[in-house]
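upload30.cif (mmCIF, C-alpha atoms) appears below.
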```cif
data_coords
loop_
_atom_site.group_PDB
_atom_site.id
_atom_site.type_symbol
_atom_site.label_atom_id
_atom_site.label_comp_id
_atom_site.auth_asym_id
_atom_site.auth_seq_id
_atom_site.Cartn_x
_atom_site.Cartn_y
_atom_site.Cartn_z
ATOM 1 C CA MET U 1 -13.557 -24.037 -9.293
ATOM 2 C CA GLU U 2 -13.511 -20.702 -11.084
ATOM 3 C CA THR U 3 -14.139 -17.399 -9.334
ATOM 4 C CA ARG U 4 -15.223 -14.587 -11.618
ATOM 5 C CA ILE U 5 -15.911 -11.019 -10.531
ATOM 6 C CA GLU U 6 -17.148 -8.435 -13.012
ATOM 7 C CA ARG U 7 -18.047 -4.929 -11.930
ATOM 8 C CA SER U 8 -18.688 -1.648 -13.670
ATOM 9 C CA LEU U 9 -17.752 0.987 -11.105
ATOM 10 C CA GLN U 10 -18.344 4.668 -10.841
ATOM 11 C CA SER U 11 -15.020 6.428 -10.852
ATOM 12 C CA THR U 12 -15.078 7.265 -7.131
ATOM 13 C CA TRP U 13 -12.862 6.459 -4.176
ATOM 14 C CA ASP U 14 -15.668 4.782 -2.193
ATOM 15 C CA ASP U 15 -15.861 2.137 -4.917
ATOM 16 C CA VAL U 16 -12.176 1.317 -4.458
ATOM 17 C CA ARG U 17 -12.664 0.312 -0.846
ATOM 18 C CA ALA U 18 -15.908 -1.552 -1.515
ATOM 19 C CA LEU U 19 -14.329 -3.566 -4.308
ATOM 20 C CA ARG U 20 -11.192 -4.302 -2.274
ATOM 21 C CA GLN U 21 -13.334 -5.736 0.493
ATOM 22 C CA PHE U 22 -15.492 -7.685 -1.977
ATOM 23 C CA VAL U 23 -12.460 -9.245 -3.696
ATOM 24 C CA GLY U 24 -11.072 -10.246 -0.302
ATOM 25 C CA ALA U 25 -14.346 -11.945 0.636
ATOM 26 C CA GLU U 26 -14.693 -13.731 -2.720
ATOM 27 C CA LEU U 27 -11.137 -15.086 -2.454
ATOM 28 C CA ALA U 28 -11.432 -16.208 1.158
ATOM 29 C CA HIS U 29 -10.838 -19.809 0.021
ATOM 30 C CA VAL U 30 -7.331 -19.233 -1.380
ATOM 31 C CA SER U 31 -4.060 -18.951 0.538
ATOM 32 C CA GLU U 32 -3.583 -15.804 2.620
ATOM 33 C CA ASP U 33 -0.649 -14.655 0.498
ATOM 34 C CA LEU U 34 -2.523 -15.087 -2.789
ATOM 35 C CA GLN U 35 -5.624 -13.421 -1.365
ATOM 36 C CA ALA U 36 -3.576 -10.449 -0.112
ATOM 37 C CA ALA U 37 -1.770 -10.167 -3.449
ATOM 38 C CA ALA U 38 -5.027 -10.237 -5.439
ATOM 39 C CA VAL U 39 -6.682 -7.702 -3.130
ATOM 40 C CA MET U 40 -3.691 -5.360 -3.337
ATOM 41 C CA ALA U 41 -3.386 -5.667 -7.131
ATOM 42 C CA SER U 42 -7.140 -5.127 -7.625
ATOM 43 C CA ALA U 43 -7.162 -2.062 -5.373
ATOM 44 C CA GLU U 44 -4.036 -0.529 -6.893
ATOM 45 C CA LEU U 45 -5.341 -1.013 -10.455
ATOM 46 C CA ILE U 46 -8.689 0.552 -9.570
ATOM 47 C CA GLU U 47 -6.984 3.421 -7.728
ATOM 48 C CA ASN U 48 -4.947 4.117 -10.867
ATOM 49 C CA ALA U 49 -8.084 3.980 -13.022
ATOM 50 C CA VAL U 50 -9.938 6.377 -10.699
ATOM 51 C CA LYS U 51 -6.953 8.747 -10.692
ATOM 52 C CA HIS U 52 -6.925 8.718 -14.506
ATOM 53 C CA GLY U 53 -10.599 9.647 -14.424
ATOM 54 C CA GLU U 54 -9.986 12.623 -12.131
ATOM 55 C CA ALA U 55 -8.403 14.467 -15.046
ATOM 56 C CA LEU U 56 -11.567 14.064 -17.151
ATOM 57 C CA GLU U 57 -14.806 16.015 -17.195
ATOM 58 C CA ASP U 58 -16.666 12.759 -17.862
ATOM 59 C CA PRO U 59 -14.584 9.893 -16.488
ATOM 60 C CA GLY U 60 -17.233 7.285 -17.283
ATOM 61 C CA THR U 61 -16.985 3.963 -15.509
ATOM 62 C CA VAL U 62 -14.160 1.631 -14.582
ATOM 63 C CA ASP U 63 -14.799 -1.891 -15.826
ATOM 64 C CA PHE U 64 -13.180 -4.394 -13.479
ATOM 65 C CA THR U 65 -12.795 -8.114 -14.066
ATOM 66 C CA LEU U 66 -11.078 -10.731 -11.914
ATOM 67 C CA VAL U 67 -10.906 -14.371 -12.949
ATOM 68 C CA HIS U 68 -9.345 -16.978 -10.687
ATOM 69 C CA THR U 69 -8.886 -20.469 -12.123
ATOM 70 C CA ALA U 70 -6.828 -23.454 -11.026
ATOM 71 C CA ASP U 71 -3.900 -22.123 -13.063
ATOM 72 C CA GLU U 72 -3.909 -18.368 -12.708
ATOM 73 C CA ILE U 73 -5.460 -15.207 -11.430
ATOM 74 C CA HIS U 74 -6.159 -12.520 -13.988
ATOM 75 C CA ILE U 75 -7.229 -8.976 -13.122
ATOM 76 C CA GLU U 76 -8.250 -6.352 -15.651
ATOM 77 C CA THR U 77 -9.378 -2.740 -15.563
ATOM 78 C CA ILE U 78 -10.694 -0.739 -18.513
ATOM 79 C CA ASN U 79 -11.217 2.982 -18.123
ATOM 80 C CA ARG U 80 -11.082 6.241 -20.017
ATOM 81 C CA ILE U 81 -7.749 8.007 -20.084
ATOM 82 C CA GLY U 82 -7.299 11.724 -20.595
ATOM 83 C CA SER U 83 -4.491 11.978 -23.107
ATOM 84 C CA VAL U 84 -2.011 10.137 -25.255
ATOM 85 C CA ASP U 85 0.726 11.414 -22.909
ATOM 86 C CA ALA U 86 -0.967 9.779 -19.916
ATOM 87 C CA TYR U 87 -1.111 6.478 -21.797
ATOM 88 C CA VAL U 88 2.511 6.758 -22.908
ATOM 89 C CA ARG U 89 3.606 7.351 -19.291
ATOM 90 C CA LEU U 90 1.664 4.303 -18.156
ATOM 91 C CA LYS U 91 2.994 2.128 -20.990
ATOM 92 C CA THR U 92 6.564 3.288 -20.353
ATOM 93 C CA GLN U 93 6.323 2.401 -16.664
ATOM 94 C CA ILE U 94 4.894 -1.046 -17.413
ATOM 95 C CA ASP U 95 7.587 -1.685 -20.053
ATOM 96 C CA GLN U 96 10.262 -0.729 -17.501
ATOM 97 C CA ILE U 97 8.772 -3.167 -14.996
ATOM 98 C CA ILE U 98 8.700 -5.958 -17.591
ATOM 99 C CA GLU U 99 12.346 -5.269 -18.518
ATOM 100 C CA SER U 100 13.388 -5.221 -14.859
ATOM 101 C CA GLY U 101 12.033 -8.721 -14.176
ATOM 102 C CA ASP U 102 10.034 -8.553 -10.983
ATOM 103 C CA GLY U 103 10.064 -4.792 -10.359
ATOM 104 C CA GLU U 104 11.886 -5.045 -7.020
ATOM 105 C CA GLU U 105 14.781 -2.832 -8.053
ATOM 106 C CA LEU U 106 12.414 -0.144 -9.359
ATOM 107 C CA TYR U 107 10.361 -0.342 -6.174
ATOM 108 C CA MET U 108 13.493 0.103 -4.053
ATOM 109 C CA GLU U 109 14.642 3.032 -6.173
ATOM 110 C CA ARG U 110 11.284 4.703 -5.706
ATOM 111 C CA LEU U 111 11.410 4.202 -1.916
ATOM 112 C CA ALA U 112 14.867 5.786 -1.945
ATOM 113 C CA ASP U 113 13.371 8.724 -3.885
ATOM 114 C CA TYR U 114 10.743 9.098 -1.159
ATOM 115 C CA LEU U 115 13.429 9.118 1.516
ATOM 116 C CA ALA U 116 15.492 11.715 -0.337
ATOM 117 C CA ASP U 117 12.580 13.969 -1.258
ATOM 118 C CA GLU U 118 9.649 14.362 1.136
ATOM 119 C CA THR U 119 7.484 15.823 -1.623
ATOM 120 C CA ALA U 120 7.875 12.730 -3.847
ATOM 121 C CA ARG U 121 4.568 10.947 -4.427
ATOM 122 C CA GLY U 122 3.069 8.271 -6.623
ATOM 123 C CA SER U 123 4.368 5.674 -9.094
ATOM 124 C CA LEU U 124 4.536 2.875 -6.531
ATOM 125 C CA GLY U 125 1.301 1.009 -7.204
ATOM 126 C CA LEU U 126 2.368 -0.764 -10.381
ATOM 127 C CA TYR U 127 5.766 -1.647 -8.901
ATOM 128 C CA ARG U 128 3.983 -3.205 -5.939
ATOM 129 C CA ILE U 129 1.694 -5.252 -8.173
ATOM 130 C CA ALA U 130 4.728 -6.728 -9.930
ATOM 131 C CA PHE U 131 7.137 -7.040 -7.021
ATOM 132 C CA GLU U 132 4.964 -7.679 -3.969
ATOM 133 C CA GLY U 133 2.105 -9.378 -5.810
ATOM 134 C CA GLY U 134 4.123 -11.354 -8.354
ATOM 135 C CA PHE U 135 1.866 -10.320 -11.250
ATOM 136 C CA ARG U 136 2.817 -9.814 -14.899
ATOM 137 C CA LEU U 137 1.537 -6.473 -16.125
ATOM 138 C CA ALA U 138 0.410 -5.426 -19.601
ATOM 139 C CA CYS U 139 -1.561 -2.563 -21.076
ATOM 140 C CA SER U 140 -3.166 -1.561 -24.330
ATOM 141 C CA CYS U 141 -5.131 1.391 -25.612
ATOM 142 C CA VAL U 142 -8.237 1.491 -27.784
ATOM 143 C CA ASN U 143 -9.546 4.944 -28.684
ATOM 144 C CA ASP U 144 -9.762 6.840 -25.375
ATOM 145 C CA ALA U 145 -9.815 3.758 -23.137
ATOM 146 C CA VAL U 146 -6.904 1.946 -21.556
ATOM 147 C CA LYS U 147 -6.888 -1.696 -20.520
ATOM 148 C CA VAL U 148 -4.418 -2.778 -17.832
ATOM 149 C CA THR U 149 -4.029 -6.437 -16.955
ATOM 150 C CA ALA U 150 -2.227 -8.190 -14.115
ATOM 151 C CA THR U 151 -1.780 -11.968 -14.328
ATOM 152 C CA ARG U 152 -0.188 -14.413 -11.922
ATOM 153 C CA ASN U 153 0.258 -18.167 -12.106
ATOM 154 C CA THR U 154 -1.235 -19.891 -9.112
ATOM 155 C CA ARG U 155 0.353 -23.319 -9.474
ATOM 156 C CA PRO U 156 3.610 -23.793 -7.537
ATOM 157 C CA MET V 1 -1.118 8.562 28.587
ATOM 158 C CA LYS V 2 -3.027 6.688 25.914
ATOM 159 C CA GLU V 3 -4.753 8.197 22.907
ATOM 160 C CA SER V 4 -6.299 6.722 19.791
ATOM 161 C CA PHE V 5 -7.042 8.372 16.473
ATOM 162 C CA LYS V 6 -9.344 7.049 13.788
ATOM 163 C CA ASN V 7 -9.155 7.909 10.104
ATOM 164 C CA GLU V 8 -11.740 5.889 8.192
ATOM 165 C CA GLU V 9 -10.558 2.246 8.481
ATOM 166 C CA LEU V 10 -7.260 3.073 10.156
ATOM 167 C CA VAL V 11 -6.837 3.418 13.918
ATOM 168 C CA ILE V 12 -3.569 4.667 15.402
ATOM 169 C CA HIS V 13 -2.981 4.165 19.124
ATOM 170 C CA ILE V 14 -0.371 6.266 20.917
ATOM 171 C CA GLU V 15 0.890 5.165 24.297
ATOM 172 C CA ASN V 16 3.158 7.787 25.813
ATOM 173 C CA SER V 17 5.172 6.701 28.856
ATOM 174 C CA GLU V 18 8.044 8.408 30.628
ATOM 175 C CA HIS V 19 10.832 7.154 28.389
ATOM 176 C CA GLU V 20 9.141 5.591 25.378
ATOM 177 C CA VAL V 21 6.315 6.211 22.968
ATOM 178 C CA THR V 22 4.530 3.304 21.301
ATOM 179 C CA VAL V 23 2.508 4.047 18.185
ATOM 180 C CA ARG V 24 0.406 1.126 17.025
ATOM 181 C CA TRP V 25 -1.242 1.125 13.592
ATOM 182 C CA GLU V 26 -4.312 -1.055 13.233
ATOM 183 C CA GLY V 27 -6.764 -1.749 10.407
ATOM 184 C CA ALA V 28 -6.496 -0.543 6.814
ATOM 185 C CA SER V 29 -4.977 2.608 5.369
ATOM 186 C CA ASP V 30 -6.697 3.090 2.029
ATOM 187 C CA THR V 31 -7.666 6.735 1.717
ATOM 188 C CA ARG V 32 -7.047 8.800 -1.406
ATOM 189 C CA ASP V 33 -4.429 10.974 0.290
ATOM 190 C CA PRO V 34 -2.930 9.427 3.421
ATOM 191 C CA SER V 35 -0.139 12.037 3.412
ATOM 192 C CA GLY V 36 -2.683 14.823 3.867
ATOM 193 C CA ALA V 37 -5.059 12.896 6.128
ATOM 194 C CA LEU V 38 -2.332 11.742 8.502
ATOM 195 C CA ALA V 39 -0.216 14.909 8.460
ATOM 196 C CA PRO V 40 -1.561 16.441 11.721
ATOM 197 C CA LEU V 41 -1.258 13.134 13.557
ATOM 198 C CA LEU V 42 2.251 12.424 12.264
ATOM 199 C CA LYS V 43 3.290 15.927 13.301
ATOM 200 C CA LYS V 44 1.998 15.179 16.783
ATOM 201 C CA ILE V 45 3.839 11.829 16.878
ATOM 202 C CA ILE V 46 7.100 13.505 15.847
ATOM 203 C CA GLU V 47 6.618 16.151 18.532
ATOM 204 C CA VAL V 48 5.862 13.562 21.242
ATOM 205 C CA CYS V 49 8.854 11.438 20.170
ATOM 206 C CA LYS V 50 11.436 14.195 19.935
ATOM 207 C CA ASP V 51 13.164 13.304 23.233
ATOM 208 C CA LYS V 52 11.947 9.726 23.740
ATOM 209 C CA SER V 53 12.562 6.463 21.961
ATOM 210 C CA ALA V 54 9.674 5.423 19.737
ATOM 211 C CA VAL V 55 8.234 2.067 18.753
ATOM 212 C CA ILE V 56 6.138 2.245 15.595
ATOM 213 C CA ASP V 57 4.249 -1.055 15.606
ATOM 214 C CA LEU V 58 2.766 -1.888 12.205
ATOM 215 C CA ARG V 59 1.990 -5.569 12.839
ATOM 216 C CA ALA V 60 -1.767 -5.066 13.131
ATOM 217 C CA LEU V 61 -1.965 -3.174 9.854
ATOM 218 C CA ARG V 62 -4.129 -5.418 7.642
ATOM 219 C CA TYR V 63 -3.740 -3.438 4.448
ATOM 220 C CA MET V 64 -2.131 -0.268 3.166
ATOM 221 C CA ASN V 65 -2.327 1.263 -0.256
ATOM 222 C CA SER V 66 0.826 2.435 -1.971
ATOM 223 C CA ALA V 67 -0.007 6.065 -1.110
ATOM 224 C CA THR V 68 0.516 5.191 2.576
ATOM 225 C CA ILE V 69 4.186 4.421 2.002
ATOM 226 C CA ALA V 70 5.216 8.067 1.490
ATOM 227 C CA PRO V 71 3.986 9.261 4.922
ATOM 228 C CA LEU V 72 5.531 6.193 6.583
ATOM 229 C CA ILE V 73 8.907 6.974 5.033
ATOM 230 C CA GLY V 74 8.425 10.647 5.901
ATOM 231 C CA LEU V 75 7.853 9.607 9.530
ATOM 232 C CA MET V 76 11.043 7.521 9.442
ATOM 233 C CA LYS V 77 13.020 10.453 8.144
ATOM 234 C CA SER V 78 11.589 12.879 10.688
ATOM 235 C CA LEU V 79 12.259 10.522 13.590
ATOM 236 C CA ASP V 80 15.808 10.051 12.329
ATOM 237 C CA GLY V 81 16.318 13.760 12.880
ATOM 238 C CA GLY V 82 15.517 13.373 16.597
ATOM 239 C CA GLN V 83 17.746 12.613 19.559
ATOM 240 C CA SER V 84 16.432 9.140 20.405
ATOM 241 C CA ARG V 85 16.314 5.750 18.755
ATOM 242 C CA SER V 86 13.168 4.651 16.979
ATOM 243 C CA VAL V 87 12.159 1.259 15.693
ATOM 244 C CA PHE V 88 9.505 0.321 13.139
ATOM 245 C CA ILE V 89 8.289 -3.228 13.718
ATOM 246 C CA TRP V 90 6.442 -5.544 11.343
ATOM 247 C CA ASN V 91 5.433 -9.193 11.126
ATOM 248 C CA SER V 92 7.571 -11.319 8.808
ATOM 249 C CA LYS V 93 4.905 -14.041 8.764
ATOM 250 C CA ILE V 94 2.609 -11.726 6.780
ATOM 251 C CA GLY V 95 3.710 -11.845 3.146
ATOM 252 C CA TRP V 96 2.813 -8.294 2.110
ATOM 253 C CA GLN V 97 4.452 -6.841 5.236
ATOM 254 C CA ARG V 98 7.580 -8.923 4.584
ATOM 255 C CA ALA V 99 7.889 -7.674 0.981
ATOM 256 C CA ASN V 100 7.382 -4.018 1.836
ATOM 257 C CA PHE V 101 9.233 -3.704 5.111
ATOM 258 C CA LEU V 102 12.301 -5.640 3.995
ATOM 259 C CA CYS V 103 12.673 -2.956 1.321
ATOM 260 C CA MET V 104 12.118 -0.219 3.912
ATOM 261 C CA LYS V 105 14.686 -1.903 6.146
ATOM 262 C CA THR V 106 17.190 -1.713 3.295
ATOM 263 C CA ILE V 107 16.674 1.980 2.641
ATOM 264 C CA ALA V 108 16.646 2.710 6.400
ATOM 265 C CA ARG V 109 20.283 1.560 6.585
ATOM 266 C CA THR V 110 21.231 5.102 5.607
ATOM 267 C CA LEU V 111 19.479 6.381 8.757
ATOM 268 C CA THR V 112 21.305 6.553 12.080
ATOM 269 C CA GLN V 113 18.456 6.713 14.611
ATOM 270 C CA VAL V 114 15.844 4.497 12.966
ATOM 271 C CA ALA V 115 15.725 0.712 12.616
ATOM 272 C CA VAL V 116 13.164 -1.445 10.813
ATOM 273 C CA GLU V 117 12.793 -4.877 12.448
ATOM 274 C CA SER V 118 10.485 -7.869 12.308
ATOM 275 C CA ARG V 119 8.950 -9.226 15.489
ATOM 276 C CA ASP V 120 6.534 -12.042 15.031
ATOM 277 C CA LEU V 121 4.845 -12.028 18.402
ATOM 278 C CA PRO V 122 1.159 -11.277 17.977
ATOM 279 C CA PRO V 123 0.310 -7.639 18.638
ATOM 280 C CA ARG V 124 -1.620 -6.791 21.775
ATOM 281 C CA GLY V 125 -5.370 -6.514 21.680
ATOM 282 C CA PRO V 126 -7.040 -3.325 20.519
ATOM 283 C CA LEU V 127 -7.135 -0.328 22.820
ATOM 284 C CA PRO V 128 -10.421 1.567 23.092
ATOM 285 C CA VAL V 129 -10.850 4.306 20.522
ATOM 286 C CA THR V 130 -11.137 7.691 22.211
#
```
The structure given in the file should be rewritten as structure tokens.
Amino acid sequence: METRIERSLQSTWDDVRALRQFVGAELAHVSEDLQAAAVMASAELIENAVKHGEALEDPGTVDFTLVHTADEIHIETINRIGSVDAYVRLKTQIDQIIESGDGEELYMERLADYLADETARGSLGLYRIAFEGGFRLACSCVNDAVKVTATRNTRP
Amino acid sequence: MKESFKNEELVIHIENSEHEVTVRWEGASDTRDPSGALAPLLKKIIEVCKDKSAVIDLRALRYMNSATIAPLIGLMKSLDGGQSRSVFIWNSKIGWQRANFLCMKTIARTLTQVAVESRDLPPRGPLPVT
């Protein structure tokens, strides 16, 4: 059985919570760990998309897609991004995660940063998606929009 | 003395007894800026815990966004500066808690007054929100 969720969201924080809850309800039939991972990855990707939009006068919408099949779960967000620099930062972080394997080491390093510097914020969401959620991340850019995908095999 | 604080989907219960303070997090922490939203409450917790041991019970936390991790680590660091022992407890049977809090346990090894431990007993039932 395939579960498919497609939403075009306003770039607001209320939509993040609503979608997180909706994804959780739609995936109530999968294992608790997979459901929690998909909910977390969906919410973190949408949070990132909304944050990108905050830098824009007209953020437009965030297009969200989740497809769960017998083999994998695939999550995708497409949203406007404010600058080439913002995209390069995102791409660099995802490339670092891919090079690191599962992102655990990067996640730990970031937690250590937080402990050392109380003003440190951000940059954890993508690490969590890779490390905690077990997803493979990728991103691409077309004109002023960025597409971020997170994919995880669901077969043991 | 028992108090409860609600911030959107998150409820934090504080139970302050003579020698120990228990702080129980319940629900979901998913606001845009948990550091800002929780700052007054965390300040109060640090004040209440300055001369008592503290139990920060996170087992009933259903979900937290990544922005919640900074204030949690900030709380750890502040409690480590106190005179008494504090322990953060989580449920190792919950996958997302296991992944996150094992990492926090590792970084907390540099702290002298704070431990991060798993306890899998079910948390107590909810206290009334006041």
Proximity check stretch 37-89 of chain U to stretch 128-148 of chain U, 7 Å, nearest pairs one decimal Å, only C-alpha atoms, as JSON lines:
```
{"residue": "U:Ala37", "atom": "CA", "partner": "U:Gly133", "partner_atom": "CA", "distance": 4.6}
{"residue": "U:Ala41", "atom": "CA", "partner": "U:Ile129", "partner_atom": "CA", "distance": 5.2}
{"residue": "U:Glu76", "atom": "CA", "partner": "U:Val148", "partner_atom": "CA", "distance": 5.7}
{"residue": "U:Thr77", "atom": "CA", "partner": "U:Val148", "partner_atom": "CA", "distance": 5.5}
{"residue": "U:Ile78", "atom": "CA", "partner": "U:Lys147", "partner_atom": "CA", "distance": 4.4}
{"residue": "U:Asn79", "atom": "CA", "partner": "U:Ala145", "partner_atom": "CA", "distance": 5.3}
{"residue": "U:Arg80", "atom": "CA", "partner": "U:Ala145", "partner_atom": "CA", "distance": 4.2}
{"residue": "U:Ile81", "atom": "CA", "partner": "U:Ala145", "partner_atom": "CA", "distance": 5.6}
```
As an mmCIF file with C-alpha atoms, keeping the file's coordinate frame, could you give me every residue of chain U near chain V (at most 8 Å apart, counting only C-alpha atoms)?
```cif
data_model
loop_
_atom_site.group_PDB
_atom_site.id
_atom_site.type_symbol
_atom_site.label_atom_id
_atom_site.label_comp_id
_atom_site.auth_asym_id
_atom_site.auth_seq_id
_atom_site.Cartn_x
_atom_site.Cartn_y
_atom_site.Cartn_z
ATOM 1 C CA TRP U 13 -12.862 6.459 -4.176
ATOM 2 C CA ARG U 17 -12.664 0.312 -0.846
ATOM 3 C CA ASP U 33 -0.649 -14.655 0.498
ATOM 4 C CA ALA U 36 -3.576 -10.449 -0.112
ATOM 5 C CA ALA U 37 -1.770 -10.167 -3.449
ATOM 6 C CA MET U 40 -3.691 -5.360 -3.337
ATOM 7 C CA ALA U 43 -7.162 -2.062 -5.373
ATOM 8 C CA GLU U 44 -4.036 -0.529 -6.893
ATOM 9 C CA MET U 108 13.493 0.103 -4.053
ATOM 10 C CA LEU U 111 11.410 4.202 -1.916
ATOM 11 C CA ALA U 112 14.867 5.786 -1.945
ATOM 12 C CA TYR U 114 10.743 9.098 -1.159
ATOM 13 C CA LEU U 115 13.429 9.118 1.516
ATOM 14 C CA GLU U 118 9.649 14.362 1.136
ATOM 15 C CA ALA U 120 7.875 12.730 -3.847
ATOM 16 C CA ARG U 121 4.568 10.947 -4.427
ATOM 17 C CA GLY U 122 3.069 8.271 -6.623
ATOM 18 C CA LEU U 124 4.536 2.875 -6.531
ATOM 19 C CA GLY U 125 1.301 1.009 -7.204
ATOM 20 C CA ARG U 128 3.983 -3.205 -5.939
ATOM 21 C CA GLU U 132 4.964 -7.679 -3.969
#
```
Checklist entry - Hey, which of V:Asp120, V:Leu10, V:Lys2, V:Ser84 ends up closest to V:Leu38? Count all atoms listed in the file. => result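 Closest to V:Leu38, using all atoms listed in the file: V:Leu10.
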Next on the checklist: Translate the PyMOL selection byres ((chain U and resi 86-103) around 6) into a concrete residue list for this structure, as a ChimeraX atom specification.
Outcome noted: /U:83-85,104-106,127,130-131
Taking all atoms of stretch 27-37 of chain V that the file lists, what box with edges along x, y and z, padded by 3 Å per side, do you get, with centre and edge lengths in Å to one decimal, as lines of an AutoDock Vina configuration file?
```
center_x = -3.9
center_y = 6.5
center_z = 4.5
size_x = 13.5
size_y = 22.6
size_z = 17.8
```
Checklist entry - Looking at all atoms listed in the file, which of U:Glu2, U:Thr12, U:Ala150, U:Leu126 is the one that sits closest to U:Lys51? => result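 Checking each of U:Glu2, U:Thr12, U:Ala150, U:Leu126 against U:Lys51, counting all atoms listed in the file, the winner is U:Thr12.
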Next on the checklist: Can you measure atom CA of V:Ser29 to atom CA of V:Phe88 for me? One decimal in Å is fine.
Outcome noted: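 Going from atom CA of V:Ser29 over to atom CA of V:Phe88, I get 16.6 Å.
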Item to check | Length of the atom CA of U:Ser42 to atom CA of U:Gly24 vector [Å] | outcome: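 If I compute the distance from atom CA of U:Ser42 to atom CA of U:Gly24, I get 9.8 Å.
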Checklist entry - Which residues, protein or nucleic acid, reach to within 12 Å of (-10.5, -12.9, -11.0) in the file's coordinates when using only C-alpha atoms, and can you give that as a PyMOL selection string? => result chain U and resi 1-7+22-24+26-27+30+34-35+37-39+41-42+64-77+149-152+154
Item to check | Hits of the PyMOL selection byres ((chain V and resi 25) around 10) in this structure, as a ChimeraX atom specification | outcome: /V:4-5,10-14,22-24,26-29,56-62
Item to check | Picked residues, the PyMOL selection byres ((chain V and resi 50) around 8), expected as a PyMOL selection string | outcome: chain V and resi 46-49+51-52+79+82-84
Next on the checklist: To one decimal place in Å, what is the distance between atom CA of U:Ala49 and atom CA of V:Pro34?
Outcome noted: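 Computing it gives 18.1 Å between the two atoms.
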Item to check | Closest of U:Leu45, U:Glu57, U:Asp63, U:Ser31 to U:Gln10 - atom-to-atom distances counting all atoms listed in the file | outcome: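 The closest residue to U:Gln10 is U:Asp63.
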Next on the checklist: Using all atoms listed in the file, can you tell me which of V:His19, V:Arg119, V:Ser86, V:Gln113 comes closest to V:Phe101?
Outcome noted: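 Under the stated criterion, the closest residue is V:Arg119.
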